[in-house]
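This is structure.pdb. It holds PDB, C-alpha atoms.
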ATOM      1  CA  THR A   1       6.416   9.227 -10.746
ATOM      2  CA  VAL A   2       6.447  12.876 -11.694
ATOM      3  CA  ILE A   3       4.151  14.077  -8.942
ATOM      4  CA  GLY A   4       2.616  11.949  -6.242
ATOM      5  CA  LYS A   5      -0.377  13.022  -4.194
ATOM      6  CA  THR A   6      -3.267  11.160  -2.729
ATOM      7  CA  ASP A   7      -6.538  12.201  -1.149
ATOM      8  CA  LYS A   8      -7.409   9.284   1.089
ATOM      9  CA  THR A   9     -10.329  11.100   2.643
ATOM     10  CA  ALA A  10     -12.616  11.446  -0.394
ATOM     11  CA  GLY A  11     -14.948   8.516   0.363
ATOM     12  CA  SER A  12     -14.965   9.142   4.091
ATOM     13  CA  ALA A  13     -15.555  12.873   3.535
ATOM     14  CA  PHE A  14     -18.817  12.038   1.756
ATOM     15  CA  THR A  15     -19.767   9.628   4.554
ATOM     16  CA  GLU A  16     -19.088  12.341   7.151
ATOM     17  CA  ALA A  17     -21.195  14.739   5.083
ATOM     18  CA  VAL A  18     -24.177  12.381   5.449
ATOM     19  CA  ILE A  19     -23.664  12.299   9.238
ATOM     20  CA  ARG A  20     -23.461  16.116   9.451
ATOM     21  CA  TYR A  21     -26.432  16.645   7.162
ATOM     22  CA  LEU A  22     -28.734  14.281   9.062
ATOM     23  CA  ARG A  23     -27.732  15.855  12.368
ATOM     24  CA  GLN A  24     -28.355  19.409  11.102
ATOM     25  CA  ARG A  25     -31.459  18.866   8.974
ATOM     26  CA  HIS A  26     -33.180  15.958  10.703
ATOM     27  CA  SER A  27     -31.772  16.204  14.254
ATOM     28  CA  LEU A  28     -30.692  12.597  13.879
ATOM     29  CA  GLU A  29     -27.407  11.145  15.062
ATOM     30  CA  ILE A  30     -26.228   8.154  13.028
ATOM     31  CA  GLY A  31     -23.051   6.110  12.870
ATOM     32  CA  GLN A  32     -20.476   5.561  10.137
ATOM     33  CA  ALA A  33     -21.993   2.288   8.926
ATOM     34  CA  SER A  34     -25.464   3.791   8.472
ATOM     35  CA  ALA A  35     -24.057   6.871   6.764
ATOM     36  CA  LYS A  36     -21.980   4.743   4.395
ATOM     37  CA  ARG A  37     -25.051   2.658   3.523
ATOM     38  CA  VAL A  38     -27.109   5.801   2.779
ATOM     39  CA  LYS A  39     -24.260   7.228   0.672
ATOM     40  CA  GLU A  40     -23.900   4.033  -1.343
ATOM     41  CA  GLU A  41     -27.642   3.369  -1.775
ATOM     42  CA  ILE A  42     -28.942   6.822  -2.719
ATOM     43  CA  GLY A  43     -26.034   9.268  -2.646
ATOM     44  CA  GLY A  44     -24.852  11.192  -5.658
ATOM     45  CA  VAL A  45     -23.392  14.477  -6.837
ATOM     46  CA  VAL A  46     -25.703  14.949  -9.823
ATOM     47  CA  LYS A  47     -29.487  14.889  -9.900
ATOM     48  CA  ARG A  48     -30.946  11.488 -10.772
ATOM     49  CA  ASP A  49     -33.631  10.999 -13.398
ATOM     50  CA  GLN A  50     -35.514   8.867 -10.887
ATOM     51  CA  PRO A  51     -35.015  10.124  -7.298
ATOM     52  CA  LEU A  52     -34.297   7.465  -4.689
ATOM     53  CA  ASP A  53     -35.032   7.285  -1.001
ATOM     54  CA  THR A  54     -34.165   5.117   1.952
ATOM     55  CA  PHE A  55     -34.869   4.942   5.656
ATOM     56  CA  VAL A  56     -32.190   5.402   8.265
ATOM     57  CA  CYS A  57     -32.440   4.791  11.990
ATOM     58  CA  GLY A  58     -30.563   6.773  14.572
ATOM     59  CA  THR A  59     -30.860   8.704  17.808
ATOM     60  CA  ASP A  60     -32.963  11.840  18.025
ATOM     61  CA  VAL A  61     -30.642  14.672  19.085
ATOM     62  CA  GLN A  62     -33.229  16.273  21.430
ATOM     63  CA  THR A  63     -35.001  13.271  22.979
ATOM     64  CA  HIS A  64     -32.128  10.760  22.765
ATOM     65  CA  LEU A  65     -34.698   8.180  21.663
ATOM     66  CA  PRO A  66     -34.433   5.986  18.578
ATOM     67  CA  ARG A  67     -36.037   7.461  15.475
ATOM     68  CA  ARG A  68     -36.378   6.524  11.818
ATOM     69  CA  VAL A  69     -36.157   9.101   9.030
ATOM     70  CA  ARG A  70     -36.769   8.872   5.308
ATOM     71  CA  VAL A  71     -33.900  10.418   3.334
ATOM     72  CA  TYR A  72     -34.099  11.407  -0.330
ATOM     73  CA  SER A  73     -31.305  11.355  -2.895
ATOM     74  CA  GLU A  74     -31.930  14.997  -3.810
ATOM     75  CA  GLU A  75     -31.237  16.049  -0.208
ATOM     76  CA  LEU A  76     -27.766  14.584  -0.414
ATOM     77  CA  LEU A  77     -26.816  16.786  -3.366
ATOM     78  CA  GLU A  78     -26.593  19.676  -0.910
ATOM     79  CA  ALA A  79     -24.775  17.594   1.692
ATOM     80  CA  PHE A  80     -22.146  16.471  -0.814
ATOM     81  CA  GLU A  81     -21.361  19.876  -2.285
ATOM     82  CA  GLU A  82     -18.662  20.766   0.296
ATOM     83  CA  PRO A  83     -16.625  17.543   0.005
ATOM     84  CA  LEU A  84     -17.059  17.648  -3.776
ATOM     85  CA  GLN A  85     -15.618  21.168  -3.951
ATOM     86  CA  ALA A  86     -12.725  20.103  -1.691
ATOM     87  CA  LEU A  87     -12.004  17.194  -4.040
ATOM     88  CA  CYS A  88     -12.110  19.517  -7.063
ATOM     89  CA  ALA A  89      -9.707  21.901  -5.335
ATOM     90  CA  PHE A  90      -7.357  18.978  -4.615
ATOM     91  CA  ILE A  91      -7.401  17.940  -8.279
ATOM     92  CA  LYS A  92      -6.830  21.503  -9.519
ATOM     93  CA  ASN A  93      -3.991  22.007  -7.020
ATOM     94  CA  THR A  94      -2.338  18.814  -8.216
ATOM     95  CA  LEU A  95      -2.704  19.910 -11.853
ATOM     96  CA  ASP A  96      -1.117  23.275 -10.975
ATOM     97  CA  GLU A  97       1.971  21.418  -9.716
ATOM     98  CA  THR A  98       2.173  19.139 -12.758
ATOM     99  CA  PRO A  99       4.807  19.934 -15.419
ATOM    100  CA  PRO A 100       3.258  21.219 -18.683
ATOM    101  CA  ASP A 101       4.393  18.269 -20.843
ATOM    102  CA  ILE A 102       2.831  15.783 -18.427
ATOM    103  CA  LEU A 103      -0.292  17.948 -18.194
ATOM    104  CA  GLY A 104      -0.624  17.603 -21.970
ATOM    105  CA  ASP A 105      -0.546  13.825 -21.634
ATOM    106  CA  ILE A 106      -3.190  13.990 -18.899
ATOM    107  CA  MET A 107      -5.431  16.172 -21.053
ATOM    108  CA  GLU A 108      -5.016  13.737 -23.947
ATOM    109  CA  ASP A 109      -5.273  10.426 -22.071
ATOM    110  CA  GLY A 110      -7.399  11.328 -19.046
ATOM    111  CA  VAL A 111      -7.441  10.320 -15.392
ATOM    112  CA  LEU A 112      -8.550   7.044 -13.812
ATOM    113  CA  LEU A 113     -10.713   7.340 -10.687
ATOM    114  CA  THR A 114     -10.022   4.670  -8.077
ATOM    115  CA  GLY A 115     -11.132   3.878  -4.552
ATOM    116  CA  GLY A 116     -14.600   3.132  -3.228
ATOM    117  CA  GLY A 117     -15.596   6.800  -3.402
ATOM    118  CA  ALA A 118     -15.269   6.635  -7.201
ATOM    119  CA  LYS A 119     -18.543   4.681  -7.246
ATOM    120  CA  LEU A 120     -20.515   7.682  -5.961
ATOM    121  CA  TYR A 121     -23.288   8.335  -8.455
ATOM    122  CA  GLY A 122     -22.352  11.054 -10.951
ATOM    123  CA  LEU A 123     -18.867  11.685  -9.553
ATOM    124  CA  GLU A 124     -17.083  11.038 -12.847
ATOM    125  CA  ARG A 125     -19.518  13.292 -14.754
ATOM    126  CA  ARG A 126     -19.400  16.079 -12.160
ATOM    127  CA  LEU A 127     -15.590  16.076 -11.870
ATOM    128  CA  ARG A 128     -15.349  16.133 -15.656
ATOM    129  CA  ARG A 129     -17.573  19.222 -15.705
ATOM    130  CA  GLU A 130     -15.660  20.926 -12.859
ATOM    131  CA  THR A 131     -12.129  20.194 -14.101
ATOM    132  CA  GLY A 132     -12.419  19.800 -17.873
ATOM    133  CA  LEU A 133     -10.511  16.506 -17.669
ATOM    134  CA  LYS A 134     -11.309  13.219 -19.348
ATOM    135  CA  LEU A 135     -12.169  10.894 -16.485
ATOM    136  CA  PHE A 136     -12.709   7.163 -16.314
ATOM    137  CA  THR A 137     -13.778   5.017 -13.377
ATOM    138  CA  ALA A 138     -11.837   1.799 -12.829
ATOM    139  CA  GLU A 139     -13.636  -1.520 -12.832
ATOM    140  CA  GLU A 140     -14.055  -2.438  -9.162
ATOM    141  CA  PRO A 141     -12.394   0.825  -8.055
ATOM    142  CA  GLU A 142     -12.461  -0.191  -4.397
ATOM    143  CA  LEU A 143      -9.997  -3.017  -5.167
ATOM    144  CA  CYS A 144      -7.387  -0.979  -7.072
ATOM    145  CA  ALA A 145      -5.103  -0.282  -4.116
ATOM    146  CA  VAL A 146      -4.950  -3.871  -2.904
ATOM    147  CA  ARG A 147      -4.456  -5.180  -6.453
ATOM    148  CA  GLY A 148      -1.659  -2.666  -6.985
ATOM    149  CA  CYS A 149       0.045  -3.868  -3.810
ATOM    150  CA  GLY A 150      -0.216  -7.444  -5.029
ATOM    151  CA  ILE A 151       1.366  -6.535  -8.363
ATOM    152  CA  ALA A 152       4.160  -4.662  -6.587
ATOM    153  CA  ILE A 153       4.880  -7.637  -4.342
ATOM    154  CA  GLU A 154       5.003  -9.965  -7.354
ATOM    155  CA  HIS A 155       7.678  -7.753  -8.923
ATOM    156  CA  LEU A 156       9.871  -7.194  -5.854
ATOM    157  CA  ALA A 157      12.324  -9.779  -7.092
ATOM    158  CA  ASP A 158      12.866  -7.736 -10.267
ATOM    159  CA  LEU A 159      14.227  -4.721  -8.357
ATOM    160  CA  PRO A 160      18.004  -4.461  -7.963
ATOM    161  CA  GLY A 161      19.349  -4.326  -4.433
ATOM    162  CA  ILE A 162      16.263  -5.817  -2.786
ATOM    163  CA  VAL A 163      17.015  -8.453  -0.198
ATOM    164  CA  HIS A 164      14.708 -11.397  -0.759
ATOM    165  CA  SER A 165      13.865 -12.699   2.687
ATOM    166  CA  TYR A 166      10.201 -13.543   2.256
ATOM    167  CA  HIS A 167       8.956 -17.096   1.976
ATOM    168  CA  ASN A 168       6.040 -18.634   0.134
ATOM    169  CA  ILE A 169       3.480 -19.750   2.645
TER     170      ILE A 169
END

Encoded form using structure tokens:
Amino acid sequence: TVIGKTDKTAGSAFTEAVIRYLRQRHSLEIGQASAKRVKEEIGGVVKRDQPLDTFVCGTDVQTHLPRRVRVYSEELLEAFEEPLQALCAFIKNTLDETPPDILGDIMEDGVLLTGGGAKLYGLERRLRRETGLKLFTAEEPELCAVRGCGIAIEHLADLPGIVHSYHNI
């Protein structure tokens, strides 16, 4: 590892953006699960050829009564701009700290996007445009971390000086 950084908040930052947006624009309070569903169903960081919409239920901020609102994919472009810019800044900051020879390899080979947030519509394309990097999204990006842990555990025995005290169950 030459440089190790992680932004564990990317996916949740977009979910929180949905919550903030619906509260500000629609006076609707919703929970994490509803916001995540909206993000996954219609969210994106680039305009879609065919706009999508969905309904979300929550609590009206003024009346405190249940209310249902129709949300459009194009609305979320605005909501997602702040977390997207924060993610771009994180990437650029990491690149600034990367040694030049490694940076050359990154420019040549590209970067793999992982984590559930990598599935956000248009994220790969938008980050490519913002950073100039070659980007690729992993197959099943939400499973990369757990698969990596599994691979690491399988290879623990190969590391010198590791005490092997685990048992097969």

With only C-alpha atoms as the counted atoms, please give the residues lying no more than 7 Å from stretch 46-60 of chain A, apart from itself and same-chain residues fewer than 2 positions off, as a list in words.
Ser27, Leu28, Glu29, Ile30, Ser34, Ile42, Gly44, Gln62, Thr63, His64, Leu65, Pro66, Arg67, Arg68, Val69, Arg70, Val71, Tyr72, Ser73, Glu74, Leu77, Gly122 and Arg126 of chain A

Report, as AutoDock Vina command-line options, the centre and edge lengths in Å (one decimal) of the axis-aligned box enclosing every listed atom of stretch 112-117 of chain A, padded by 5 Å on each side.
--center_x -12.1 --center_y 5.2 --center_z -8.5 --size_x 17.0 --size_y 14.2 --size_z 20.6

Can you tell me how far atom CA of A:Met107 sits from atom CA of A:Ala145, in Å to one decimal?
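Atom CA of A:Ala145 lies at a distance of 23.6 Å from atom CA of A:Met107.
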
Here is a test: counting only C-alpha atoms, which residue of A:Arg128, A:Lys5, A:Pro100, A:Val45 is nearest to A:Glu82?
A:Val45

List the residues sitting within 10 Å of (-12.4, 17.6, -19.2) in the file's frame, using all atoms listed in the file, as a PyMOL selection string.
chain A and resi 106-108+110-111+125+127-135

Could you tell me how far atom CA of A:Ile3 lies from atom CA of A:Val146, in Å and to one decimal?
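Rounded to one decimal, the two atoms are 21.0 Å apart.
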
Residue nearest A:Leu143 - candidates A:Gly104, A:Pro83, A:Pro99, A:Gly115, atoms counted: all atoms listed in the file:
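Closest residue, counting all atoms listed in the file: A:Gly115.
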
Have a look at A:Leu112, A:Cys149, A:Val38, A:Val2 and name the one nearest to A:Ile19; count all atoms listed in the file.
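Looking only at the distances to A:Ile19, the closest residue turns out to be A:Val38.
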
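The shortest atom-to-atom distance to A:Glu40, with only C-alpha atoms taken into account, belongs to A:Ser12 out of A:His155, A:Ala86, A:Arg23, A:Ser12.
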
Two-atom distance - atom CA of A:Arg37, atom CA of A:Thr114 (Å):
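Calculated distance between atom CA of A:Arg37 and atom CA of A:Thr114 is 19.1 Å.
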
Residue list as an mmCIF file with C-alpha atoms, in the frame of the given file for point (-21.5, 3.8, -3.7), cut-off 8 Å, only C-alpha atoms:
data_model
loop_
_atom_site.group_PDB
_atom_site.id
_atom_site.type_symbol
_atom_site.label_atom_id
_atom_site.label_comp_id
_atom_site.auth_asym_id
_atom_site.auth_seq_id
_atom_site.Cartn_x
_atom_site.Cartn_y
_atom_site.Cartn_z
ATOM 1 C CA LYS A 39 -24.260 7.228 0.672
ATOM 2 C CA GLU A 40 -23.900 4.033 -1.343
ATOM 3 C CA GLU A 41 -27.642 3.369 -1.775
ATOM 4 C CA GLY A 43 -26.034 9.268 -2.646
ATOM 5 C CA GLY A 116 -14.600 3.132 -3.228
ATOM 6 C CA GLY A 117 -15.596 6.800 -3.402
ATOM 7 C CA ALA A 118 -15.269 6.635 -7.201
ATOM 8 C CA LYS A 119 -18.543 4.681 -7.246
ATOM 9 C CA LEU A 120 -20.515 7.682 -5.961
ATOM 10 C CA TYR A 121 -23.288 8.335 -8.455
#
